[in-house]
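One file, work.tsv, carrying TSV, C-alpha atoms and all ligand atoms:
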```tsv
chain	number	residue	atom	x	y	z
Z	1	MET	CA	93.25	96.76	110.03
Z	2	ALA	CA	94.79	100.10	109.24
Z	3	VAL	CA	97.61	101.44	111.41
Z	4	GLN	CA	97.19	105.01	112.60
Z	5	PHE	CA	99.62	107.29	114.40
Z	6	VAL	CA	97.13	109.84	115.64
Z	7	ARG	CA	99.34	111.46	118.26
Z	8	TRP	CA	102.73	111.35	116.55
Z	9	PRO	CA	102.16	111.05	112.79
Z	10	TRP	CA	105.92	111.50	112.16
Z	11	LEU	CA	106.44	108.02	113.67
Z	12	GLY	CA	104.87	106.66	110.47
Z	13	VAL	CA	107.91	107.89	108.54
Z	14	ALA	CA	110.51	107.60	111.34
Z	15	ILE	CA	109.92	103.85	111.86
Z	16	PRO	CA	110.26	102.73	108.21
Z	17	GLY	CA	113.07	105.30	107.73
Z	18	SER	CA	115.09	103.72	110.59
Z	19	VAL	CA	114.33	100.19	109.36
Z	20	ILE	CA	115.45	101.04	105.79
Z	21	ALA	CA	118.62	102.78	107.09
Z	22	SER	CA	119.63	100.00	109.51
Z	23	LEU	CA	118.93	97.09	107.13
Z	24	GLY	CA	120.58	98.84	104.18
Z	25	ALA	CA	123.67	99.99	106.10
Z	26	THR	CA	124.42	96.62	107.75
Z	27	SER	CA	123.73	94.52	104.64
Z	28	ILE	CA	125.76	96.74	102.30
Z	29	TYR	CA	128.62	96.87	104.84
Z	30	TYR	CA	128.88	93.06	105.07
Z	31	VAL	CA	128.27	92.46	101.35
Z	32	PHE	CA	131.34	94.63	100.61
Z	33	LYS	CA	133.41	93.54	103.63
Z	34	LEU	CA	132.98	89.86	102.84
Z	35	GLY	CA	133.41	90.44	99.07
Z	36	TYR	CA	130.07	88.67	98.54
Z	37	ALA	CA	129.18	87.73	94.94
Z	38	THR	CA	130.33	89.64	91.86
Z	39	PRO	CA	130.89	93.42	91.51
Z	40	ILE	CA	127.84	93.52	89.18
Z	41	TYR	CA	125.70	91.91	91.89
Z	42	ARG	CA	127.03	94.39	94.45
Z	43	SER	CA	126.16	97.32	92.12
Z	44	ILE	CA	122.59	95.98	91.68
Z	45	PHE	CA	122.33	95.55	95.45
Z	46	VAL	CA	123.42	99.14	96.18
Z	47	GLY	CA	121.42	100.49	93.21
Z	48	SER	CA	118.15	98.89	94.33
Z	49	TYR	CA	118.76	100.16	97.88
Z	50	LEU	CA	119.26	103.73	96.60
Z	51	MET	CA	116.05	103.38	94.54
Z	52	VAL	CA	114.18	102.33	97.72
Z	53	CYS	CA	115.35	105.56	99.40
Z	54	LEU	CA	114.57	107.76	96.38
Z	55	SER	CA	111.12	106.29	95.68
Z	56	TYR	CA	110.21	106.49	99.38
Z	57	TYR	CA	111.23	110.16	99.41
Z	58	MET	CA	109.16	110.80	96.26
Z	59	ALA	CA	106.10	108.99	97.74
Z	60	ILE	CA	106.32	111.20	100.85
Z	61	LYS	CA	107.02	114.47	99.06
Z	62	THR	CA	104.80	114.27	95.93
Z	63	PRO	CA	101.28	115.63	96.56
Z	64	PRO	CA	98.52	113.21	95.45
Z	65	GLY	CA	96.76	115.91	93.42
Z	66	SER	CA	93.57	117.87	94.17
Z	67	PRO	CA	90.78	119.05	91.87
Z	68	PRO	CA	91.09	122.62	90.54
Z	69	LYS	CA	88.75	125.21	92.07
Z	70	ASN	CA	87.01	125.78	88.74
Z	71	PHE	CA	86.28	122.10	88.06
Z	72	LYS	CA	82.74	121.63	86.77
Z	73	ILE	CA	80.78	118.44	86.28
Z	74	VAL	CA	78.97	118.13	82.95
Z	75	LYS	CA	75.39	117.50	84.01
Z	76	THR	CA	73.91	116.88	80.61
Z	77	GLU	CA	75.98	113.85	79.54
Z	78	THR	CA	74.16	110.60	78.78
Z	79	PRO	CA	74.56	108.00	79.98
Z	80	LYS	CA	75.39	109.71	83.26
Z	81	LYS	CA	78.97	108.76	84.10
Z	82	MET	CA	79.35	110.00	87.64
Z	83	TRP	CA	77.44	111.21	90.66
Z	84	TYR	CA	77.48	114.94	91.25
Z	85	LYS	CA	79.60	115.19	94.34
Z	86	TYR	CA	80.35	118.42	96.10
Z	87	CYS	CA	82.85	118.75	98.95
Z	88	MET	CA	81.41	121.03	101.63
Z	89	LYS	CA	84.86	121.39	103.23
Z	90	CYS	CA	86.93	122.29	100.13
Z	91	LYS	CA	83.95	123.99	98.46
Z	92	ILE	CA	84.64	122.29	95.14
Z	93	TYR	CA	83.01	119.68	92.92
Z	94	LYS	CA	84.66	116.30	93.20
Z	95	PRO	CA	85.62	114.61	89.92
Z	96	GLU	CA	85.06	110.86	89.53
Z	97	ARG	CA	87.16	108.68	91.90
Z	98	CYS	CA	87.94	111.67	94.13
Z	99	HIS	CA	87.44	111.62	97.93
Z	100	HIS	CA	88.16	114.02	100.77
Z	101	CYS	CA	90.92	112.77	103.11
Z	102	LYS	CA	90.22	113.40	106.78
Z	103	THR	CA	93.96	113.45	107.64
Z	104	CYS	CA	95.27	115.58	104.72
Z	105	LYS	CA	92.11	117.71	105.03
Z	106	LYS	CA	91.72	118.08	101.27
Z	107	CYS	CA	90.11	116.42	98.28
Z	108	VAL	CA	92.40	113.85	96.67
Z	109	LEU	CA	92.20	112.85	93.00
Z	110	ARG	CA	91.79	109.10	92.37
Z	111	MET	CA	92.23	108.55	96.10
Z	112	ASP	CA	93.61	105.08	96.81
Z	113	HIS	CA	94.06	105.37	100.58
Z	114	HIS	CA	95.73	107.58	103.17
Z	115	CYS	CA	99.08	105.97	103.98
Z	116	PRO	CA	100.32	106.56	107.55
Z	117	TRP	CA	103.75	105.19	106.46
Z	118	THR	CA	104.30	108.12	104.06
Z	119	MET	CA	102.23	110.70	106.01
Z	120	ASN	CA	100.58	111.31	102.65
Z	121	CYS	CA	97.62	110.22	100.62
Z	122	VAL	CA	98.21	107.76	97.80
Z	123	GLY	CA	96.39	109.36	94.90
Z	124	TYR	CA	96.51	110.17	91.20
Z	125	LYS	CA	99.89	111.98	91.06
Z	126	ASN	CA	101.98	109.95	93.51
Z	127	PHE	CA	100.56	106.45	92.90
Z	128	PRO	CA	103.50	105.58	90.56
Z	129	HIS	CA	106.02	106.59	93.27
Z	130	PHE	CA	104.24	104.51	95.89
Z	131	GLN	CA	104.05	101.56	93.49
Z	132	ARG	CA	107.75	101.89	92.57
Z	133	PHE	CA	108.66	102.09	96.25
Z	134	LEU	CA	106.95	98.73	96.88
Z	135	TRP	CA	108.61	97.19	93.80
Z	136	TRP	CA	112.08	98.37	94.84
Z	137	VAL	CA	111.63	97.22	98.44
Z	138	THR	CA	110.64	93.78	97.14
Z	139	ILE	CA	113.63	93.65	94.73
Z	140	ALA	CA	116.16	94.93	97.32
Z	141	LEU	CA	114.84	92.64	100.07
Z	142	SER	CA	114.83	89.59	97.79
Z	143	HIS	CA	118.55	90.16	97.08
Z	144	ASN	CA	119.14	90.76	100.77
Z	145	MET	CA	117.36	87.56	101.81
Z	146	VAL	CA	119.50	85.44	99.48
Z	147	PHE	CA	122.66	87.01	100.93
Z	148	LEU	CA	121.45	86.55	104.53
Z	149	PHE	CA	120.47	82.90	104.07
Z	150	LYS	CA	123.82	82.08	102.44
Z	151	ARG	CA	125.53	83.69	105.43
Z	152	LEU	CA	123.33	81.71	107.89
Z	153	GLN	CA	124.23	78.53	105.99
Z	154	TYR	CA	127.90	79.38	106.46
Z	155	TYR	CA	127.46	79.88	110.25
Z	156	TYR	CA	125.75	76.49	110.41
Z	157	SER	CA	128.67	74.89	108.58
Z	158	ILE	CA	131.16	76.25	111.15
Z	159	ARG	CA	129.03	75.37	114.18
Z	160	ASN	CA	131.65	72.93	115.51
Z	161	LEU	CA	134.49	75.48	115.52
Z	162	PRO	CA	135.67	76.88	118.89
Z	163	TYR	CA	133.74	80.05	119.74
Z	164	TYR	CA	136.78	82.35	119.44
Z	165	LEU	CA	136.94	81.48	115.74
Z	166	VAL	CA	133.27	82.38	115.17
Z	167	PRO	CA	132.55	86.04	114.14
Z	168	ILE	CA	130.09	86.71	117.01
Z	169	THR	CA	129.34	90.41	116.27
Z	170	GLU	CA	128.80	89.78	112.57
Z	171	MET	CA	126.63	86.75	113.30
Z	172	THR	CA	124.45	88.69	115.77
Z	173	ILE	CA	123.94	91.54	113.31
Z	174	ILE	CA	123.16	89.15	110.44
Z	175	ILE	CA	120.60	87.23	112.56
Z	176	LEU	CA	118.88	90.47	113.67
Z	177	ASN	CA	118.92	91.68	110.08
Z	178	THR	CA	117.32	88.38	108.95
Z	179	LEU	CA	114.54	88.60	111.54
Z	180	LEU	CA	113.74	92.24	110.67
Z	181	SER	CA	114.00	91.63	106.90
Z	182	SER	CA	111.61	88.66	107.12
Z	183	LEU	CA	109.08	90.75	109.01
Z	184	VAL	CA	109.30	93.61	106.49
Z	185	TYR	CA	109.20	91.16	103.57
Z	186	LEU	CA	105.95	89.70	104.87
Z	187	THR	CA	104.18	93.00	105.61
Z	188	VAL	CA	105.38	94.86	102.49
Z	189	GLY	CA	104.71	91.73	100.43
Z	190	ILE	CA	101.04	91.67	101.48
Z	191	LEU	CA	100.68	95.39	100.71
Z	192	ALA	CA	102.55	95.02	97.40
Z	193	LEU	CA	100.31	92.11	96.29
Z	194	ARG	CA	97.22	94.04	97.28
Z	195	ILE	CA	98.21	97.20	95.45
Z	196	ILE	CA	99.49	95.35	92.34
Z	197	TRP	CA	96.13	93.57	92.22
Z	198	SER	CA	94.44	96.99	92.47
Z	199	MET	CA	96.63	98.32	89.66
Z	200	VAL	CA	96.09	95.50	87.15
Z	201	ASN	CA	92.32	95.77	87.70
Z	202	ASN	CA	92.44	99.59	87.82
Z	203	LYS	CA	90.65	99.64	91.18
Z	204	THR	CA	91.76	101.86	94.01
Z	205	MET	CA	91.68	100.35	97.51
Z	206	ILE	CA	88.55	102.42	98.20
Z	207	GLU	CA	86.87	101.12	95.03
Z	208	SER	CA	87.85	97.53	95.94
Z	209	TRP	CA	86.14	98.12	99.28
Z	210	GLU	CA	83.04	99.44	97.45
Z	211	LEU	CA	83.02	96.38	95.18
Z	212	GLU	CA	83.26	93.99	98.13
Z	213	ARG	CA	80.33	95.84	99.72
Z	214	ILE	CA	78.32	95.60	96.49
Z	215	GLU	CA	79.13	91.88	96.16
Z	216	GLU	CA	77.90	91.19	99.68
Z	217	GLN	CA	74.65	93.14	99.15
Z	218	PHE	CA	74.14	92.08	95.54
Z	219	TYR	CA	71.18	89.78	96.14
Z	220	SER	CA	69.41	91.95	98.69
Z	221	GLU	CA	66.08	93.71	98.16
Z	222	ARG	CA	67.48	96.90	99.68
Z	223	PHE	CA	70.33	97.11	97.12
Z	224	TRP	CA	68.00	96.60	94.15
Z	225	PHE	CA	65.45	99.02	95.54
Z	226	ASN	CA	68.15	101.73	95.38
Z	227	ILE	CA	69.38	100.61	91.95
Z	228	ARG	CA	65.86	100.72	90.51
Z	229	SER	CA	65.13	104.15	92.04
Z	230	ASN	CA	68.45	105.49	90.72
Z	231	PHE	CA	67.61	104.20	87.26
Z	232	ALA	CA	64.14	105.75	87.37
Z	233	LYS	CA	65.63	109.07	88.49
Z	234	ILE	CA	68.37	109.18	85.86
Z	235	TYR	CA	66.30	107.84	82.95
Z	236	PRO	CA	62.75	109.09	83.66
Z	237	GLY	CA	60.11	107.18	81.68
Z	238	LYS	CA	62.57	104.52	80.46
Z	239	PRO	CA	61.74	100.92	81.46
Z	240	PHE	CA	64.26	99.16	83.68
Z	241	PRO	CA	66.60	97.11	81.42
Z	242	LYS	CA	66.06	93.38	81.04
Z	243	LEU	CA	69.26	92.19	82.68
Z	244	SER	CA	70.79	88.97	81.46
Z	245	SER	CA	73.54	86.73	82.71
Z	246	TRP	CA	76.17	84.59	81.00
Z	247	LYS	CA	75.42	82.02	83.68
Z	248	LEU	CA	72.41	79.71	83.31
Z	249	HIS	CA	70.07	78.91	86.17
Z	250	TYR	CA	72.67	79.73	88.76
Z	251	ARG	CA	70.12	79.96	91.55
Z	252	SER	CA	66.58	79.01	92.40
Z	253	LYS	CA	63.68	81.24	91.42
Z	254	LEU	CA	62.96	84.21	93.62
Z	255	SER	CA	59.61	85.12	95.08
Z	256	GLU	CA	57.09	86.89	92.82
Z	257	ASN	CA	57.51	90.31	94.42
Z	258	SER	CA	61.31	90.33	94.59
Z	259	LEU	CA	63.17	93.37	93.24
Z	260	VAL	CA	66.33	91.32	92.73
Z	261	PRO	CA	66.72	90.41	89.04
Z	262	TYR	CA	66.55	86.68	88.42
Z	263	ASP	CA	69.13	86.40	85.65
Z	264	PHE	CA	71.85	88.81	86.73
Z	265	SER	CA	74.76	87.85	88.97
Z	266	TYR	CA	77.56	89.86	90.55
Z	267	ASP	CA	79.88	88.54	87.79
Z	268	ASP	CA	77.72	90.34	85.21
Z	269	PHE	CA	78.18	93.64	87.00
Z	270	VAL	CA	80.72	95.87	85.19
Z	271	PHE	CA	83.26	97.93	87.12
Z	272	PRO	CA	83.51	100.96	84.80
Z	273	TYR	CA	87.26	101.66	85.10
Z	274	SER	CA	88.60	98.16	84.49
Z	275	CYS	CA	89.69	97.97	80.84
Z	276	SER	CA	92.50	95.88	79.30
Z	277	LEU	CA	95.52	95.04	81.47
Z	278	TYR	CA	97.76	97.42	79.50
Z	279	THR	CA	95.22	100.31	79.65
Z	280	ASN	CA	94.79	99.75	83.38
Z	281	MET	CA	98.55	99.81	84.00
Z	282	VAL	CA	99.07	102.93	81.85
Z	283	SER	CA	96.13	104.68	83.53
Z	284	SER	CA	97.73	104.46	86.97
Z	285	MET	CA	101.46	104.20	86.18
Z	286	GLY	CA	101.80	106.44	83.11
Z	287	PRO	CA	103.51	105.50	79.80
Z	288	ILE	CA	105.36	102.15	79.91
Z	289	TYR	CA	108.83	103.71	79.36
Z	290	LEU	CA	108.37	105.71	82.58
Z	291	TRP	CA	107.36	102.84	84.89
Z	292	PHE	CA	110.85	102.48	86.35
Z	293	TRP	CA	111.86	106.11	85.88
Z	294	PRO	CA	112.08	107.62	89.42
Z	295	TRP	CA	110.25	110.81	88.42
Z	296	GLY	CA	107.69	109.17	86.10
Z	297	GLY	CA	104.11	110.45	86.55
Z	298	PRO	CA	100.65	109.11	85.63
Z	299	SER	CA	98.72	109.51	82.37
Z	300	GLY	CA	95.71	111.78	81.79
Z	301	ASP	CA	94.53	114.77	83.80
Z	302	GLY	CA	93.30	113.01	86.96
Z	303	LEU	CA	89.80	114.39	86.39
Z	304	HIS	CA	88.53	112.01	83.70
Z	305	TYR	CA	89.23	108.30	83.25
Z	306	GLU	CA	88.92	105.79	80.45
Z	307	ARG	CA	85.98	103.42	80.79
Z	308	ASN	CA	84.90	99.97	79.86
Z	309	THR	CA	82.95	99.81	76.58
Z	310	GLU	CA	79.44	100.91	77.36
Z	311	ASP	CA	77.59	98.03	75.68
Z	312	GLU	CA	79.01	95.59	78.26
Z	313	ASP	CA	77.48	97.63	81.06
Z	314	GLN	CA	73.79	96.68	81.20
Z	315	LEU	CA	72.92	98.96	84.12
Z	316	GLN	CA	74.39	102.21	82.72
Z	317	LEU	CA	74.59	103.77	86.18
Z	318	PRO	CA	77.46	105.76	87.70
Z	319	PHE	CA	79.72	103.95	90.17
Z	320	PRO	CA	78.72	102.91	92.80
Z	321	PRO	CA	75.31	102.06	91.26
Z	322	ASP	CA	73.52	102.49	94.60
Z	323	GLY	CA	75.13	105.92	95.15
Z	324	ALA	CA	73.42	109.31	94.98
Z	325	ASP	CA	74.00	112.90	93.87
Z	326	PHE	CA	75.06	115.39	96.47
Z	327	GLU	CA	74.82	119.06	95.68
Z	328	PRO	CA	75.03	121.97	98.08
Z	329	ASN	CA	71.82	123.69	99.12
Z	330	VAL	CA	69.69	121.37	97.04
Z	331	HIS	CA	66.93	119.77	98.97
Z	332	ASP	CA	66.18	116.73	96.90
Z	333	ALA	CA	62.94	115.59	98.51
Z	334	GLU	CA	62.65	112.77	95.99
Z	335	VAL	CA	65.75	111.08	97.34
Z	336	SER	CA	64.41	110.34	100.78
Z	337	SER	CA	61.09	109.14	99.46
Z	338	THR	CA	62.34	106.92	96.64
Z	339	ARG	CA	65.37	105.16	98.07
Z	340	LEU	CA	66.53	103.41	101.20
Z	341	ASP	CA	69.12	105.02	103.42
Z	342	ASN	CA	72.67	103.85	102.78
Z	343	GLU	CA	74.17	105.86	105.63
Z	344	ASP	CA	74.60	103.06	108.15
Z	345	VAL	CA	75.92	100.68	105.52
Z	346	LEU	CA	78.62	103.11	104.36
Z	347	LYS	CA	79.59	103.97	107.91
Z	348	THR	CA	79.74	100.54	109.42
Z	349	TRP	CA	80.20	97.90	106.73
Z	350	SER	CA	83.62	96.23	106.90
Z	351	ASN	CA	85.43	94.02	104.39
Z	352	GLY	CA	87.30	90.73	104.90
Z	353	PHE	CA	90.23	92.62	106.51
Z	354	GLY	CA	87.80	94.24	108.99
Z	355	GLU	CA	88.28	97.63	107.30
Z	356	THR	CA	85.57	100.28	107.14
Z	357	LEU	CA	85.68	103.18	104.65
Z	358	THR	CA	87.24	105.36	107.38
Z	359	ASP	CA	90.26	103.04	107.55
Z	360	PHE	CA	91.28	104.20	104.07
Z	361	GLY	CA	91.27	107.81	105.30
Z	362	VAL	CA	87.97	108.88	103.70
Z	363	ASP	CA	86.19	111.72	105.49
Z	364	LEU	CA	82.64	110.37	105.70
Z	365	GLU	CA	81.25	113.81	106.42
Z	366	THR	CA	82.05	114.80	102.84
Z	367	GLU	CA	80.66	111.67	101.20
Z	368	ASN	CA	77.20	111.49	99.68
Z	369	ILE	CA	75.78	110.10	102.89
Z	370	GLU	CA	75.53	113.71	104.11
Z	371	THR	CA	72.52	114.07	101.81
Z	372	TYR	CA	70.53	111.86	104.11
Z	373	LYS	CA	72.06	113.02	107.36
Z	374	HIS	CA	70.76	116.56	107.00
Z	375	LYS	CA	67.20	115.50	106.43
C	401	ZN	ZN	87.38	118.13	100.08
C	402	ZN	ZN	95.45	111.78	103.21
```

Represent the structure of the file as structure tokens.
Ligand SMILES: [Zn+2]
Ligand SMILES: [Zn+2]
Amino acid sequence: MAVQFVRWPWLGVAIPGSVIASLGATSIYYVFKLGYATPIYRSIFVGSYLMVCLSYYMAIKTPPGSPPKNFKIVKTETPKKMWYKYCMKCKIYKPERCHHCKTCKKCVLRMDHHCPWTMNCVGYKNFPHFQRFLWWVTIALSHNMVFLFKRLQYYYSIRNLPYYLVPITEMTIIILNTLLSSLVYLTVGILALRIIWSMVNNKTMIESWELERIEEQFYSERFWFNIRSNFAKIYPGKPFPKLSSWKLHYRSKLSENSLVPYDFSYDDFVFPYSCSLYTNMVSSMGPIYLWFWPWGGPSGDGLHYERNTEDEDQLQLPFPPDGADFEPNVHDAEVSSTRLDNEDVLKTWSNGFGETLTDFGVDLETENIETYKHK
């Protein structure tokens, strides 16, 4: 469940800032005081700690990127690549993968999530800094943990010495440092794994949430009712494609009147932005030679993104396939009559972590669900 500092948002930066400062200062002090390991090791230790501080500063200070005022969506492209989304609050068209953050109060390009720990959105421009911050924390903490456990081993070996020969202050600080480091290692580790997984698959946290929602609803009549109406609306007169699966007879036959396709599973559904591993990494982290460069930025313009080859995508619908267009002052009467309302689903559905779309910072009032709300 997402942490939120509604009253004092600065706590989100003050807490990790104090933790980084106290862990770094005490560990570096004892590493040098005790002459631990080699000078090269000590340089790596201090270097990775400085990179933690620098990448954290960059993740806080670098804006995530917002769409330009004059951004226009090409409406004539086929197959249609994205829903026409208009932000009523920023008064701009939203490019693909863009959402309006309710905390930052602006549209964010390739919005991943709003991070209370940087008081900033993680988006197109600062994703590499956020990613590097997690990498450096993991590297620095791994070094730290080895040092701390060696020190704890030493205390155990001198447990039979009289107490006045035991370095009590040092031991207390090292034990506190170990407890705090373990806690940070666990929490940052979970976040790092989650965001690395997002990066290699080129899915933002919000898109991962959407995919989990789609997976859960994939065999429901309601979902396929919306898919079929979207297809009919986008490709008028064209018959619905004959969907096929690489799996054979993976489930029993459906009833005669079912809208759910018989031979099409969730595994056959194509997430449009997931390409090869290398393309996915470059798309979010920028050119490979800049991945560890502290000021390295992403590739592209943040408004358009490379896609999976179109022949693999049998549905040829924008993502999410059960989404809808949302344009200002356009009363699309067809929408309400030809599709089922997704409003409640988008507002209340939660994933395995118990997170709703709001937990990632998305302002639901600016999402497509408004189309239905005003009717
Ligand atoms: Zn906006
Ligand atoms: Zn934000």

Residues of chain Z at most 7 Å from ligand ZN 402 (chain C): nearest atom pair and distance in Å, all atoms listed in the file, as CSV:
```
residue,atom,partner,partner_atom,distance
Z:Cys101,CA,C:ZN402,ZN,4.6
Z:Lys102,CA,C:ZN402,ZN,6.5
Z:Thr103,CA,C:ZN402,ZN,5.0
Z:Cys104,CA,C:ZN402,ZN,4.1
Z:His114,CA,C:ZN402,ZN,4.2
Z:Cys115,CA,C:ZN402,ZN,6.9
Z:Asn120,CA,C:ZN402,ZN,5.2
Z:Cys121,CA,C:ZN402,ZN,3.7
Z:Gly361,CA,C:ZN402,ZN,6.1
```

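With only C-alpha atoms as the basis for measurement, Z:Asp363 is the residue among Z:Asp363, Z:Met51, Z:Asn126, Z:Val6 that approaches Cys90 in chain Z most closely.
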
- prompt: Of the residues Z:Pro294, Z:Gly323, Z:Thr187, Z:Met285, which is the one nearest to Arg228 in chain Z, using only C-alpha atoms?
  reply: Z:Gly323

query: Quick one: residues within 9 Å of ligand ZN 401 (chain C), with only C-alpha atoms and all ligand atoms, as a PyMOL selection string?
result: chain Z and resi 66-67+86-94+98-102+105-108+363+366

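One finds CA of Glu221 in chain Z at 28.3 Å from CA of Asn201 in chain Z.
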
message: Need the shell around Met119 in chain Z: protein/DNA/RNA residues with any atom at most 12 Å away, counting only C-alpha atoms. Skip same-chain ones fewer than 4 positions apart. Format as JSON, numbers by chain?
response: {"Z": [3, 4, 5, 6, 8, 9, 10, 11, 12, 13, 14, 15, 16, 56, 57, 58, 59, 60, 61, 62, 63, 64, 101, 103, 104, 113, 114, 115, 361]}

Nearby residues (all atoms listed in the file) at most 9 Å from Arg151 in chain Z, same-chain spacing under 4 positions excluded, as a list in words: Val146, Phe147, Tyr155, Tyr156, Met171 and Ile174 of chain Z

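Near Pro320 in chain Z, within 12 Å and counting only C-alpha atoms, sit Lys81, Met82, Trp83, Glu96, Arg97, Ile206, Glu207, Ser208, Trp209, Glu210, Leu211, Glu212, Arg213, Ile214, Glu215, Phe223, Asn226, Ile227, Asn230, Phe269, Val270, Phe271, Pro272, Tyr273, Asn342, Leu346 and Asn368 of chain Z, not including residues fewer than 6 positions from it in the same chain.
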
- prompt: In terms of the shortest atom-to-atom distance over all atoms listed in the file, which of Z:Tyr219, Z:Phe353, Z:Tyr305, Z:Trp293 is closest to Phe264 in chain Z?
  reply: Z:Tyr219

- request: Go through Z:Thr26, Z:Asn70, Z:Thr76, Z:Asn280 and flag the residue nearest Ile234 in chain Z, using only C-alpha atoms for the distances.
  value: Z:Thr76

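Going from CA of Gln217 in chain Z to CA of Asp325 in chain Z covers 20.5 Å.
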
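Within 12 Å of the point (134.9, 80.9, 105.8) in file coordinates, and counting all atoms listed in the file, lie the residues Leu34, Gly35, Tyr36, Lys150, Arg151, Leu152, Gln153, Tyr154, Tyr155, Tyr156, Ser157, Ile158, Arg159, Leu161, Leu165, Val166 and Pro167 of chain Z.
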
What does the file look like for those residues with C-alpha atoms, as a PDB file, in the frame of the given file?
```pdb
ATOM      1  CA  LEU Z  34     132.980  89.860 102.840  1.00  0.00           C
ATOM      2  CA  GLY Z  35     133.410  90.440  99.070  1.00  0.00           C
ATOM      3  CA  TYR Z  36     130.070  88.670  98.540  1.00  0.00           C
ATOM      4  CA  LYS Z 150     123.820  82.080 102.440  1.00  0.00           C
ATOM      5  CA  ARG Z 151     125.530  83.690 105.430  1.00  0.00           C
ATOM      6  CA  LEU Z 152     123.330  81.710 107.890  1.00  0.00           C
ATOM      7  CA  GLN Z 153     124.230  78.530 105.990  1.00  0.00           C
ATOM      8  CA  TYR Z 154     127.900  79.380 106.460  1.00  0.00           C
ATOM      9  CA  TYR Z 155     127.460  79.880 110.250  1.00  0.00           C
ATOM     10  CA  TYR Z 156     125.750  76.490 110.410  1.00  0.00           C
ATOM     11  CA  SER Z 157     128.670  74.890 108.580  1.00  0.00           C
ATOM     12  CA  ILE Z 158     131.160  76.250 111.150  1.00  0.00           C
ATOM     13  CA  ARG Z 159     129.030  75.370 114.180  1.00  0.00           C
ATOM     14  CA  LEU Z 161     134.490  75.480 115.520  1.00  0.00           C
ATOM     15  CA  LEU Z 165     136.940  81.480 115.740  1.00  0.00           C
ATOM     16  CA  VAL Z 166     133.270  82.380 115.170  1.00  0.00           C
ATOM     17  CA  PRO Z 167     132.550  86.040 114.140  1.00  0.00           C
TER      18      PRO Z 167
END
```

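The shortest atom-to-atom distance to Thr348 in chain Z, with only C-alpha atoms taken into account, belongs to Z:Leu364 out of Z:Leu364, Z:Glu306, Z:Cys53, Z:Gly286.
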